[in-house]
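Structure file upload_14.cif (mmCIF, N, CA and C atoms) is printed below.
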```
data_query
loop_
_atom_site.label_atom_id
_atom_site.label_comp_id
_atom_site.auth_asym_id
_atom_site.auth_seq_id
_atom_site.Cartn_x
_atom_site.Cartn_y
_atom_site.Cartn_z
N MET A 1136 131.88 85.50 58.78
CA MET A 1136 133.05 86.36 58.95
C MET A 1136 134.30 85.51 58.75
N SER A 1137 135.20 85.98 57.91
CA SER A 1137 136.42 85.23 57.64
C SER A 1137 137.38 85.29 58.83
N GLU A 1138 138.35 84.38 58.84
CA GLU A 1138 139.34 84.35 59.93
C GLU A 1138 140.14 85.65 59.96
N LYS A 1139 140.45 86.20 58.79
CA LYS A 1139 141.21 87.45 58.73
C LYS A 1139 140.40 88.59 59.35
N GLU A 1140 139.07 88.65 59.04
CA GLU A 1140 138.22 89.69 59.61
C GLU A 1140 138.14 89.56 61.13
N LYS A 1141 138.08 88.32 61.64
CA LYS A 1141 138.05 88.11 63.09
C LYS A 1141 139.34 88.63 63.72
N ASN A 1142 140.47 88.36 63.05
CA ASN A 1142 141.76 88.80 63.58
C ASN A 1142 141.93 90.31 63.49
N ASP A 1143 141.21 90.96 62.54
CA ASP A 1143 141.32 92.41 62.38
C ASP A 1143 140.40 93.18 63.32
N GLU A 1144 139.48 92.49 64.00
CA GLU A 1144 138.58 93.16 64.94
C GLU A 1144 139.38 93.70 66.11
N THR A 1145 139.09 94.94 66.46
CA THR A 1145 139.76 95.52 67.62
C THR A 1145 138.72 95.91 68.66
N SER A 1146 139.17 96.03 69.87
CA SER A 1146 138.30 96.52 70.93
C SER A 1146 139.12 97.32 71.92
N THR A 1147 138.42 98.14 72.64
CA THR A 1147 139.03 98.98 73.67
C THR A 1147 138.28 98.73 74.96
N ARG A 1148 139.02 98.44 76.03
CA ARG A 1148 138.40 98.20 77.33
C ARG A 1148 139.07 99.05 78.39
N MET A 1149 138.25 99.48 79.31
CA MET A 1149 138.75 100.19 80.48
C MET A 1149 138.92 99.14 81.57
N ILE A 1150 140.04 99.18 82.26
CA ILE A 1150 140.26 98.31 83.41
C ILE A 1150 140.20 99.24 84.62
N ILE A 1151 139.25 98.97 85.49
CA ILE A 1151 138.99 99.86 86.61
C ILE A 1151 139.29 99.13 87.91
N LEU A 1152 140.13 99.74 88.73
CA LEU A 1152 140.49 99.15 90.02
C LEU A 1152 139.57 99.70 91.10
N SER A 1153 139.04 98.83 91.93
CA SER A 1153 138.21 99.31 93.04
C SER A 1153 139.13 99.93 94.09
N PRO A 1154 138.58 100.71 94.99
CA PRO A 1154 139.40 101.35 96.03
C PRO A 1154 140.20 100.36 96.88
N SER A 1155 139.72 99.12 97.00
CA SER A 1155 140.43 98.14 97.83
C SER A 1155 141.23 97.14 97.01
N ALA A 1156 141.55 97.47 95.77
CA ALA A 1156 142.32 96.56 94.92
C ALA A 1156 143.70 96.31 95.51
N SER A 1157 144.23 95.12 95.26
CA SER A 1157 145.54 94.75 95.81
C SER A 1157 146.71 95.31 95.00
N ILE A 1158 146.42 95.94 93.85
CA ILE A 1158 147.48 96.55 93.05
C ILE A 1158 147.12 98.00 92.72
N SER A 1159 148.12 98.78 92.40
CA SER A 1159 147.91 100.18 92.03
C SER A 1159 147.80 100.30 90.51
N SER A 1160 147.45 101.47 90.02
CA SER A 1160 147.36 101.69 88.58
C SER A 1160 148.71 101.46 87.90
N SER A 1161 149.78 101.92 88.53
CA SER A 1161 151.10 101.75 87.92
C SER A 1161 151.51 100.27 87.88
N GLU A 1162 151.17 99.51 88.93
CA GLU A 1162 151.46 98.08 88.92
C GLU A 1162 150.62 97.37 87.85
N LEU A 1163 149.38 97.81 87.69
CA LEU A 1163 148.50 97.24 86.68
C LEU A 1163 149.11 97.44 85.29
N VAL A 1164 149.53 98.65 85.00
CA VAL A 1164 150.12 98.95 83.68
C VAL A 1164 151.39 98.12 83.47
N GLN A 1165 152.20 98.00 84.50
CA GLN A 1165 153.43 97.21 84.39
C GLN A 1165 153.10 95.75 84.07
N LYS A 1166 152.11 95.18 84.77
CA LYS A 1166 151.73 93.79 84.53
C LYS A 1166 151.15 93.61 83.13
N LEU A 1167 150.42 94.60 82.65
CA LEU A 1167 149.89 94.53 81.29
C LEU A 1167 151.03 94.50 80.27
N HIS A 1168 152.05 95.33 80.47
CA HIS A 1168 153.20 95.35 79.57
C HIS A 1168 153.94 94.01 79.62
N LEU A 1169 154.05 93.42 80.81
CA LEU A 1169 154.78 92.16 80.97
C LEU A 1169 154.07 90.99 80.28
N LEU A 1170 152.80 91.15 79.95
CA LEU A 1170 152.09 90.09 79.23
C LEU A 1170 152.66 89.91 77.83
N GLY A 1171 153.29 90.95 77.30
CA GLY A 1171 153.90 90.86 75.98
C GLY A 1171 152.91 90.80 74.83
N LEU A 1172 151.69 91.23 75.06
CA LEU A 1172 150.68 91.22 74.01
C LEU A 1172 150.76 92.52 73.21
N PRO A 1173 150.44 92.48 71.92
CA PRO A 1173 150.50 93.69 71.09
C PRO A 1173 149.29 94.61 71.36
N LEU A 1174 149.35 95.31 72.46
CA LEU A 1174 148.26 96.18 72.88
C LEU A 1174 148.75 97.62 73.04
N THR A 1175 147.84 98.56 72.85
CA THR A 1175 148.09 99.93 73.25
C THR A 1175 147.61 100.03 74.68
N ILE A 1176 148.47 100.46 75.59
CA ILE A 1176 148.14 100.52 77.01
C ILE A 1176 148.31 101.94 77.48
N LYS A 1177 147.27 102.47 78.12
CA LYS A 1177 147.33 103.83 78.62
C LYS A 1177 146.98 103.81 80.10
N SER A 1178 147.84 104.37 80.91
CA SER A 1178 147.58 104.48 82.34
C SER A 1178 146.53 105.57 82.56
N THR A 1179 145.61 105.32 83.46
CA THR A 1179 144.57 106.31 83.77
C THR A 1179 144.44 106.45 85.29
N CYS A 1180 143.66 107.42 85.71
CA CYS A 1180 143.47 107.63 87.14
C CYS A 1180 142.67 106.49 87.77
N TYR A 1181 141.89 105.77 87.00
CA TYR A 1181 141.07 104.69 87.53
C TYR A 1181 141.66 103.30 87.30
N GLY A 1182 142.76 103.21 86.53
CA GLY A 1182 143.39 101.93 86.23
C GLY A 1182 144.14 102.00 84.93
N ALA A 1183 143.53 101.50 83.85
CA ALA A 1183 144.19 101.51 82.54
C ALA A 1183 143.16 101.39 81.44
N LEU A 1184 143.61 101.75 80.25
CA LEU A 1184 142.82 101.62 79.04
C LEU A 1184 143.64 100.76 78.10
N ILE A 1185 143.06 99.71 77.54
CA ILE A 1185 143.81 98.87 76.61
C ILE A 1185 143.06 98.78 75.29
N HIS A 1186 143.83 98.74 74.22
CA HIS A 1186 143.25 98.67 72.88
C HIS A 1186 144.09 97.73 72.04
N GLY A 1187 143.41 96.92 71.25
CA GLY A 1187 144.12 96.01 70.36
C GLY A 1187 143.17 94.99 69.78
N ASN A 1188 143.75 93.96 69.19
CA ASN A 1188 142.98 92.86 68.64
C ASN A 1188 142.09 92.31 69.75
N THR A 1189 140.84 92.05 69.42
CA THR A 1189 139.86 91.61 70.41
C THR A 1189 140.32 90.39 71.20
N GLU A 1190 140.94 89.44 70.54
CA GLU A 1190 141.42 88.23 71.23
C GLU A 1190 142.53 88.58 72.22
N ASP A 1191 143.44 89.47 71.84
CA ASP A 1191 144.53 89.88 72.73
C ASP A 1191 143.98 90.66 73.93
N VAL A 1192 143.00 91.51 73.67
CA VAL A 1192 142.38 92.28 74.76
C VAL A 1192 141.70 91.32 75.72
N ARG A 1193 140.97 90.35 75.18
CA ARG A 1193 140.28 89.36 76.03
C ARG A 1193 141.28 88.56 76.88
N GLU A 1194 142.39 88.16 76.27
CA GLU A 1194 143.42 87.41 77.00
C GLU A 1194 144.01 88.26 78.13
N ALA A 1195 144.30 89.52 77.83
CA ALA A 1195 144.86 90.41 78.85
C ALA A 1195 143.88 90.59 80.01
N ILE A 1196 142.62 90.77 79.70
CA ILE A 1196 141.60 90.96 80.74
C ILE A 1196 141.53 89.72 81.64
N GLU A 1197 141.50 88.53 81.04
CA GLU A 1197 141.43 87.30 81.83
C GLU A 1197 142.62 87.17 82.78
N LYS A 1198 143.81 87.44 82.26
CA LYS A 1198 145.01 87.30 83.09
C LYS A 1198 145.08 88.36 84.19
N ILE A 1199 144.72 89.58 83.87
CA ILE A 1199 144.78 90.66 84.86
C ILE A 1199 143.71 90.47 85.93
N ARG A 1200 142.50 90.09 85.53
CA ARG A 1200 141.43 89.91 86.52
C ARG A 1200 141.73 88.76 87.47
N SER A 1201 142.55 87.79 87.04
CA SER A 1201 142.88 86.65 87.91
C SER A 1201 143.73 87.09 89.10
N ILE A 1202 144.35 88.25 89.02
CA ILE A 1202 145.17 88.78 90.13
C ILE A 1202 144.29 89.11 91.34
N ASP A 1203 143.14 89.73 91.08
CA ASP A 1203 142.25 90.18 92.15
C ASP A 1203 140.83 90.28 91.59
N PRO A 1204 140.17 89.13 91.37
CA PRO A 1204 138.89 89.11 90.67
C PRO A 1204 137.78 89.95 91.29
N ALA A 1205 137.81 90.14 92.58
CA ALA A 1205 136.74 90.91 93.23
C ALA A 1205 137.00 92.42 93.21
N ASN A 1206 138.16 92.83 92.72
CA ASN A 1206 138.50 94.25 92.77
C ASN A 1206 138.99 94.83 91.45
N ILE A 1207 139.00 94.02 90.40
CA ILE A 1207 139.41 94.51 89.08
C ILE A 1207 138.23 94.32 88.14
N PHE A 1208 137.75 95.42 87.59
CA PHE A 1208 136.57 95.41 86.74
C PHE A 1208 136.93 95.93 85.35
N THR A 1209 136.12 95.55 84.37
CA THR A 1209 136.36 96.04 83.01
C THR A 1209 135.06 96.57 82.43
N LYS A 1210 135.23 97.44 81.46
CA LYS A 1210 134.08 98.05 80.82
C LYS A 1210 134.48 98.38 79.39
N GLU A 1211 133.60 98.11 78.45
CA GLU A 1211 133.85 98.40 77.04
C GLU A 1211 133.90 99.92 76.85
N ARG A 1212 134.81 100.34 75.99
CA ARG A 1212 134.88 101.76 75.62
C ARG A 1212 134.77 101.83 74.11
N GLY A 1213 133.96 102.70 73.61
CA GLY A 1213 133.69 102.77 72.19
C GLY A 1213 134.78 103.37 71.33
N PHE A 1214 135.76 104.02 71.93
CA PHE A 1214 136.78 104.72 71.16
C PHE A 1214 138.16 104.33 71.66
N PRO A 1215 139.12 104.19 70.74
CA PRO A 1215 140.49 103.86 71.17
C PRO A 1215 141.15 105.03 71.88
N PRO A 1216 142.24 104.77 72.61
CA PRO A 1216 142.95 105.86 73.30
C PRO A 1216 143.41 106.92 72.30
N GLY A 1217 143.26 108.17 72.68
CA GLY A 1217 143.72 109.28 71.85
C GLY A 1217 142.78 109.67 70.73
N ASP A 1218 141.63 109.01 70.61
CA ASP A 1218 140.68 109.35 69.55
C ASP A 1218 140.25 110.80 69.73
N PRO A 1219 140.43 111.65 68.71
CA PRO A 1219 140.12 113.08 68.86
C PRO A 1219 138.66 113.38 69.18
N ARG A 1220 137.76 112.45 68.90
CA ARG A 1220 136.35 112.68 69.23
C ARG A 1220 136.10 112.61 70.73
N ARG A 1221 136.99 111.95 71.47
CA ARG A 1221 136.77 111.77 72.91
C ARG A 1221 137.95 112.19 73.77
N CYS A 1222 139.10 112.41 73.19
CA CYS A 1222 140.30 112.70 73.96
C CYS A 1222 140.19 114.06 74.65
N ARG A 1223 140.43 114.07 75.94
CA ARG A 1223 140.36 115.29 76.74
C ARG A 1223 141.34 116.34 76.22
N GLY A 1224 142.50 115.90 75.72
CA GLY A 1224 143.51 116.82 75.21
C GLY A 1224 143.03 117.62 74.02
N HIS A 1225 142.17 117.02 73.20
CA HIS A 1225 141.64 117.71 72.03
C HIS A 1225 140.39 118.50 72.36
N ARG A 1226 139.63 118.02 73.32
CA ARG A 1226 138.34 118.66 73.65
C ARG A 1226 138.49 119.77 74.67
N GLY A 1227 139.50 119.70 75.51
CA GLY A 1227 139.72 120.74 76.51
C GLY A 1227 138.84 120.63 77.74
N ALA A 1228 138.18 119.51 77.92
CA ALA A 1228 137.31 119.33 79.09
C ALA A 1228 137.28 117.83 79.42
N ALA A 1229 136.59 117.51 80.50
CA ALA A 1229 136.46 116.10 80.88
C ALA A 1229 135.79 115.33 79.76
N ARG A 1230 136.24 114.11 79.56
CA ARG A 1230 135.68 113.26 78.52
C ARG A 1230 134.22 112.95 78.83
N GLU A 1231 133.40 112.91 77.79
CA GLU A 1231 132.01 112.53 77.99
C GLU A 1231 131.98 111.16 78.64
N GLY A 1232 131.16 110.97 79.62
CA GLY A 1232 131.08 109.70 80.31
C GLY A 1232 131.98 109.62 81.53
N TYR A 1233 132.90 110.58 81.68
CA TYR A 1233 133.82 110.53 82.81
C TYR A 1233 133.05 110.65 84.13
N HIS A 1234 132.07 111.53 84.18
CA HIS A 1234 131.34 111.72 85.43
C HIS A 1234 130.52 110.48 85.78
N GLN A 1235 130.04 109.76 84.76
CA GLN A 1235 129.35 108.49 85.01
C GLN A 1235 130.32 107.47 85.58
N LEU A 1236 131.52 107.40 85.01
CA LEU A 1236 132.55 106.48 85.50
C LEU A 1236 132.92 106.83 86.94
N GLU A 1237 133.01 108.11 87.24
CA GLU A 1237 133.34 108.56 88.60
C GLU A 1237 132.26 108.08 89.58
N LYS A 1238 131.00 108.16 89.17
CA LYS A 1238 129.89 107.71 90.02
C LYS A 1238 129.95 106.19 90.22
N GLU A 1239 130.24 105.45 89.14
CA GLU A 1239 130.34 104.00 89.23
C GLU A 1239 131.50 103.60 90.13
N PHE A 1240 132.61 104.32 90.03
CA PHE A 1240 133.79 104.01 90.84
C PHE A 1240 133.46 104.06 92.33
N LYS A 1241 132.64 105.02 92.73
CA LYS A 1241 132.27 105.15 94.14
C LYS A 1241 131.49 103.93 94.65
N LEU A 1242 130.86 103.21 93.76
CA LEU A 1242 130.08 102.03 94.15
C LEU A 1242 130.90 100.74 94.16
N LEU A 1243 132.08 100.77 93.55
CA LEU A 1243 132.86 99.54 93.40
C LEU A 1243 133.27 98.89 94.72
N GLY A 1244 133.49 99.68 95.75
CA GLY A 1244 133.82 99.12 97.05
C GLY A 1244 132.72 98.19 97.56
N HIS A 1245 131.48 98.61 97.34
CA HIS A 1245 130.34 97.78 97.75
C HIS A 1245 130.23 96.52 96.90
N VAL A 1246 130.48 96.66 95.60
CA VAL A 1246 130.43 95.50 94.71
C VAL A 1246 131.53 94.51 95.09
N SER A 1247 132.73 95.02 95.35
CA SER A 1247 133.85 94.16 95.75
C SER A 1247 133.51 93.40 97.03
N GLU A 1248 132.95 94.11 97.98
CA GLU A 1248 132.59 93.48 99.26
C GLU A 1248 131.56 92.37 99.05
N ALA A 1249 130.59 92.61 98.19
CA ALA A 1249 129.57 91.60 97.91
C ALA A 1249 130.18 90.38 97.20
N LEU A 1250 131.16 90.62 96.33
CA LEU A 1250 131.81 89.50 95.64
C LEU A 1250 132.68 88.68 96.59
N GLU A 1251 133.31 89.37 97.55
CA GLU A 1251 134.19 88.67 98.49
C GLU A 1251 133.41 87.93 99.57
N ARG A 1252 132.28 88.49 99.97
CA ARG A 1252 131.47 87.88 101.02
C ARG A 1252 130.01 87.79 100.58
N PRO A 1253 129.74 86.88 99.66
CA PRO A 1253 128.35 86.77 99.18
C PRO A 1253 127.43 86.29 100.30
N ALA A 1254 126.25 86.80 100.30
CA ALA A 1254 125.25 86.41 101.29
C ALA A 1254 123.95 86.09 100.57
N GLU A 1255 123.25 85.12 101.08
CA GLU A 1255 121.96 84.78 100.49
C GLU A 1255 120.95 85.85 100.87
N VAL A 1256 120.23 86.30 99.89
CA VAL A 1256 119.27 87.36 100.11
C VAL A 1256 117.91 86.89 99.63
N THR A 1257 116.90 87.14 100.43
CA THR A 1257 115.54 86.84 99.99
C THR A 1257 114.78 88.15 99.93
N VAL A 1258 114.00 88.27 98.91
CA VAL A 1258 113.21 89.48 98.72
C VAL A 1258 111.76 89.14 98.96
N LYS A 1259 111.15 89.86 99.87
CA LYS A 1259 109.75 89.63 100.16
C LYS A 1259 108.95 90.46 99.15
N ARG A 1260 108.21 89.76 98.33
CA ARG A 1260 107.41 90.45 97.32
C ARG A 1260 106.19 91.07 97.99
N LYS A 1261 105.94 92.29 97.60
CA LYS A 1261 104.76 92.96 98.12
C LYS A 1261 103.55 92.45 97.36
N GLY A 1262 102.48 92.22 98.08
CA GLY A 1262 101.25 91.76 97.45
C GLY A 1262 100.46 92.94 96.91
N LYS A 1263 99.40 92.63 96.23
CA LYS A 1263 98.52 93.67 95.70
C LYS A 1263 97.77 94.33 96.85
N VAL A 1264 97.47 95.60 96.68
CA VAL A 1264 96.68 96.32 97.68
C VAL A 1264 95.23 95.91 97.49
N PRO A 1265 94.59 95.45 98.56
CA PRO A 1265 93.17 95.08 98.43
C PRO A 1265 92.33 96.28 97.98
N VAL A 1266 91.30 96.01 97.22
CA VAL A 1266 90.46 97.07 96.63
C VAL A 1266 89.88 97.98 97.71
N GLU A 1267 89.41 97.43 98.80
CA GLU A 1267 88.81 98.24 99.87
C GLU A 1267 89.85 99.18 100.48
N GLU A 1268 91.07 98.69 100.68
CA GLU A 1268 92.13 99.53 101.23
C GLU A 1268 92.47 100.66 100.25
N PHE A 1269 92.50 100.34 98.95
CA PHE A 1269 92.79 101.36 97.94
C PHE A 1269 91.69 102.42 97.93
N ARG A 1270 90.42 102.00 98.02
CA ARG A 1270 89.31 102.96 98.07
C ARG A 1270 89.45 103.89 99.27
N MET A 1271 89.80 103.30 100.43
CA MET A 1271 89.95 104.09 101.64
C MET A 1271 91.06 105.14 101.47
N ILE A 1272 92.19 104.75 100.88
CA ILE A 1272 93.31 105.67 100.65
C ILE A 1272 92.86 106.78 99.70
N ALA A 1273 92.15 106.40 98.63
CA ALA A 1273 91.69 107.38 97.65
C ALA A 1273 90.72 108.38 98.30
N GLU A 1274 89.83 107.88 99.12
CA GLU A 1274 88.87 108.77 99.80
C GLU A 1274 89.57 109.73 100.76
N GLU A 1275 90.55 109.20 101.53
CA GLU A 1275 91.32 110.06 102.44
C GLU A 1275 92.05 111.15 101.66
N ARG A 1276 92.61 110.77 100.55
CA ARG A 1276 93.35 111.74 99.72
C ARG A 1276 92.39 112.80 99.18
N LYS A 1277 91.23 112.36 98.73
CA LYS A 1277 90.24 113.29 98.19
C LYS A 1277 89.80 114.28 99.27
N LYS A 1278 89.54 113.78 100.49
CA LYS A 1278 89.12 114.64 101.59
C LYS A 1278 90.21 115.64 101.96
N SER A 1279 91.47 115.18 102.03
CA SER A 1279 92.55 116.08 102.41
C SER A 1279 92.76 117.14 101.35
N LYS A 1280 92.54 116.80 100.08
CA LYS A 1280 92.69 117.76 98.99
C LYS A 1280 91.57 118.80 99.07
N GLU A 1281 90.34 118.35 99.39
CA GLU A 1281 89.21 119.28 99.52
C GLU A 1281 89.44 120.23 100.68
N ASN A 1282 90.01 119.75 101.79
CA ASN A 1282 90.28 120.61 102.95
C ASN A 1282 91.31 121.67 102.63
N VAL A 1283 92.29 121.36 101.80
CA VAL A 1283 93.34 122.31 101.44
C VAL A 1283 92.75 123.41 100.55
N GLU A 1284 91.82 123.05 99.66
CA GLU A 1284 91.23 124.02 98.73
C GLU A 1284 90.27 124.96 99.44
N ASP A 1285 89.72 124.58 100.58
CA ASP A 1285 88.78 125.43 101.33
C ASP A 1285 89.43 126.59 101.98
#
```

Can you turn what I pasted into structure tokens?
Amino acid sequence: MSEKEKNDETSTRMIILSPSASISSSELVQKLHLLGLPLTIKSTCYGALIHGNTEDVREAIEKIRSIDPANIFTKERGFPPGDPRRCRGHRGAAREGYHQLEKEFKLLGHVSEALERPAEVTVKRKGKVPVEEFRMIAEERKKSKENVED
């Protein structure tokens, strides 16, 4: 890939603020504008949407996440802001994927808490069920099924 092609690559990212973020959506958008990068910036109910040259988008993400790393998240979006294939204004309904984003947003408080206060976790692996125990369970199940059919 040539240097010109690399510079022509664009990307769109959603910046999502967790419920306990130290900044609001409007502050986020203001800070994005103050970076002075050639980006399209759209304020959203969950944070912001940015679109531009991939390197500029990456730089903006790094600088913005440094404000509150445990509460500012990003996610790739396949379409730029205002794209008629996904824009709510053109479709007349919630954007596809919005309900998934809404569900993810509800979990961000837990993710933020885990990032701020990491704890060591050990998982006890379950062993295999011994063959005799499995036979006993199968026989009990078979008997209970026969009793129901009677």

Evaluate the PyMOL selection byres ((chain A and resi 1151) around 6.5) against this structure - the residues, as an mmCIF file with N, CA and C atoms, in the frame of the given file, please.
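Heads up, here's the output in part_2.cif:
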```cif
data_model
loop_
_atom_site.group_PDB
_atom_site.id
_atom_site.type_symbol
_atom_site.label_atom_id
_atom_site.label_comp_id
_atom_site.auth_asym_id
_atom_site.auth_seq_id
_atom_site.Cartn_x
_atom_site.Cartn_y
_atom_site.Cartn_z
ATOM 1 N N MET A 1149 138.250 99.480 79.310
ATOM 2 C CA MET A 1149 138.750 100.190 80.480
ATOM 3 C C MET A 1149 138.920 99.140 81.570
ATOM 4 N N ILE A 1150 140.040 99.180 82.260
ATOM 5 C CA ILE A 1150 140.260 98.310 83.410
ATOM 6 C C ILE A 1150 140.200 99.240 84.620
ATOM 7 N N LEU A 1152 140.130 99.740 88.730
ATOM 8 C CA LEU A 1152 140.490 99.150 90.020
ATOM 9 C C LEU A 1152 139.570 99.700 91.100
ATOM 10 N N SER A 1153 139.040 98.830 91.930
ATOM 11 C CA SER A 1153 138.210 99.310 93.040
ATOM 12 C C SER A 1153 139.130 99.930 94.090
ATOM 13 N N TYR A 1181 141.890 105.770 87.000
ATOM 14 C CA TYR A 1181 141.070 104.690 87.530
ATOM 15 C C TYR A 1181 141.660 103.300 87.300
ATOM 16 N N GLY A 1182 142.760 103.210 86.530
ATOM 17 C CA GLY A 1182 143.390 101.930 86.230
ATOM 18 C C GLY A 1182 144.140 102.000 84.930
ATOM 19 N N ALA A 1183 143.530 101.500 83.850
ATOM 20 C CA ALA A 1183 144.190 101.510 82.540
ATOM 21 C C ALA A 1183 143.160 101.390 81.440
ATOM 22 N N ASN A 1206 138.160 92.830 92.720
ATOM 23 C CA ASN A 1206 138.500 94.250 92.770
ATOM 24 C C ASN A 1206 138.990 94.830 91.450
ATOM 25 N N ILE A 1207 139.000 94.020 90.400
ATOM 26 C CA ILE A 1207 139.410 94.510 89.080
ATOM 27 C C ILE A 1207 138.230 94.320 88.140
ATOM 28 N N PHE A 1208 137.750 95.420 87.590
ATOM 29 C CA PHE A 1208 136.570 95.410 86.740
ATOM 30 C C PHE A 1208 136.930 95.930 85.350
ATOM 31 N N THR A 1209 136.120 95.550 84.370
ATOM 32 C CA THR A 1209 136.360 96.040 83.010
ATOM 33 C C THR A 1209 135.060 96.570 82.430
ATOM 34 N N LYS A 1210 135.230 97.440 81.460
ATOM 35 C CA LYS A 1210 134.080 98.050 80.820
ATOM 36 C C LYS A 1210 134.480 98.380 79.390
#
```

Fill in: All alpha helix (DSSP H) positions in chain A, as JSON, numbers by chain
{"A": [1138, 1139, 1140, 1141, 1142, 1143, 1160, 1161, 1162, 1163, 1164, 1165, 1166, 1167, 1168, 1169, 1189, 1190, 1191, 1192, 1193, 1194, 1195, 1196, 1197, 1198, 1199, 1200, 1223, 1224, 1225, 1226, 1233, 1234, 1235, 1236, 1237, 1238, 1239, 1240, 1241, 1242, 1243, 1244, 1245, 1246, 1247, 1248, 1249, 1250, 1251, 1266, 1267, 1268, 1269, 1270, 1271, 1272, 1273, 1274, 1275, 1276, 1277, 1278, 1279, 1280, 1281, 1282, 1283, 1284]}

Discussion item. As an exercise, work out the distance from atom CA of A:Pro1154 to atom C of A:Asn1188 in Å and give it to one decimal place.
Written reply: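 Atom C of A:Asn1188 lies 27.9 Å from atom CA of A:Pro1154.
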
Practice prompt. Mind giving me the straight-line distance from atom N of A:Phe1214 to atom CA of A:Leu1236 in Å, one decimal?
Written response: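 Computing it gives 14.2 Å between the two atoms.
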
Worksheet item: For this file, the PyMOL selection byres ((chain A and resi 1213) around 8) selects which residues, as a ChimeraX atom specification?
Response: /A:1146-1149,1210-1212,1214-1216

Grab all the atoms of stretch 1261-1270 of chain A that the file lists, wrap them in a box along x, y and z, add 4 Å per side, and give me centre plus edge lengths in Å (one decimal) as lines of an AutoDock Vina configuration file.
```
center_x = 97.4
center_y = 97.8
center_z = 98.5
size_x = 25.1
size_y = 20.1
size_z = 13.5
```

Worksheet item: So how far away is atom C of A:Ser1159 from atom CA of A:Cys1180, in Å?
Response: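 Distance reported for this atom pair: 9.2 Å.
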
Fill in: Polymer residues at most 8 Å from stretch 1251-1262 of chain A, all atoms listed in the file, same-chain spacing of 3 or more positions, as a ChimeraX atom specification
/A:1204-1206,1245-1248,1265

Discussion item. I need the residue nearest A:Thr1145 from this list: A:Leu1242, A:Ile1158, A:Val1192, A:Met1271. Use only N, CA and C atoms for the distance.
Written reply: A:Val1192

Worksheet item: Residues at most 10 Å from A:Leu1170, counting only C-alpha atoms, excluding those fewer than 6 positions away in the same chain, as a list in words?
Response: Asp1191, Glu1194, Ala1195, Lys1198 and Ile1199 of chain A

Fill in: Nearest residue to A:Ser1160 from the set A:Arg1276, A:Thr1179, A:Gly1187, A:Asn1282 (distances using only N, CA and C atoms)
A:Thr1179

Worksheet item: Hey, which of A:Ile1185, A:Leu1167, A:Ser1157, A:Thr1175 ends up closest to A:Ile1202? Count all atoms listed in the file.
Response: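 Among the listed residues, A:Ser1157 lies closest to A:Ile1202.
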
Worksheet, complete the sentence: Shortest contact to A:Ala1156, candidates A:Ser1178, A:Gly1171, A:Val1264, A:Asp1203, atoms counted all atoms listed in the file, goes to A:Asp1203
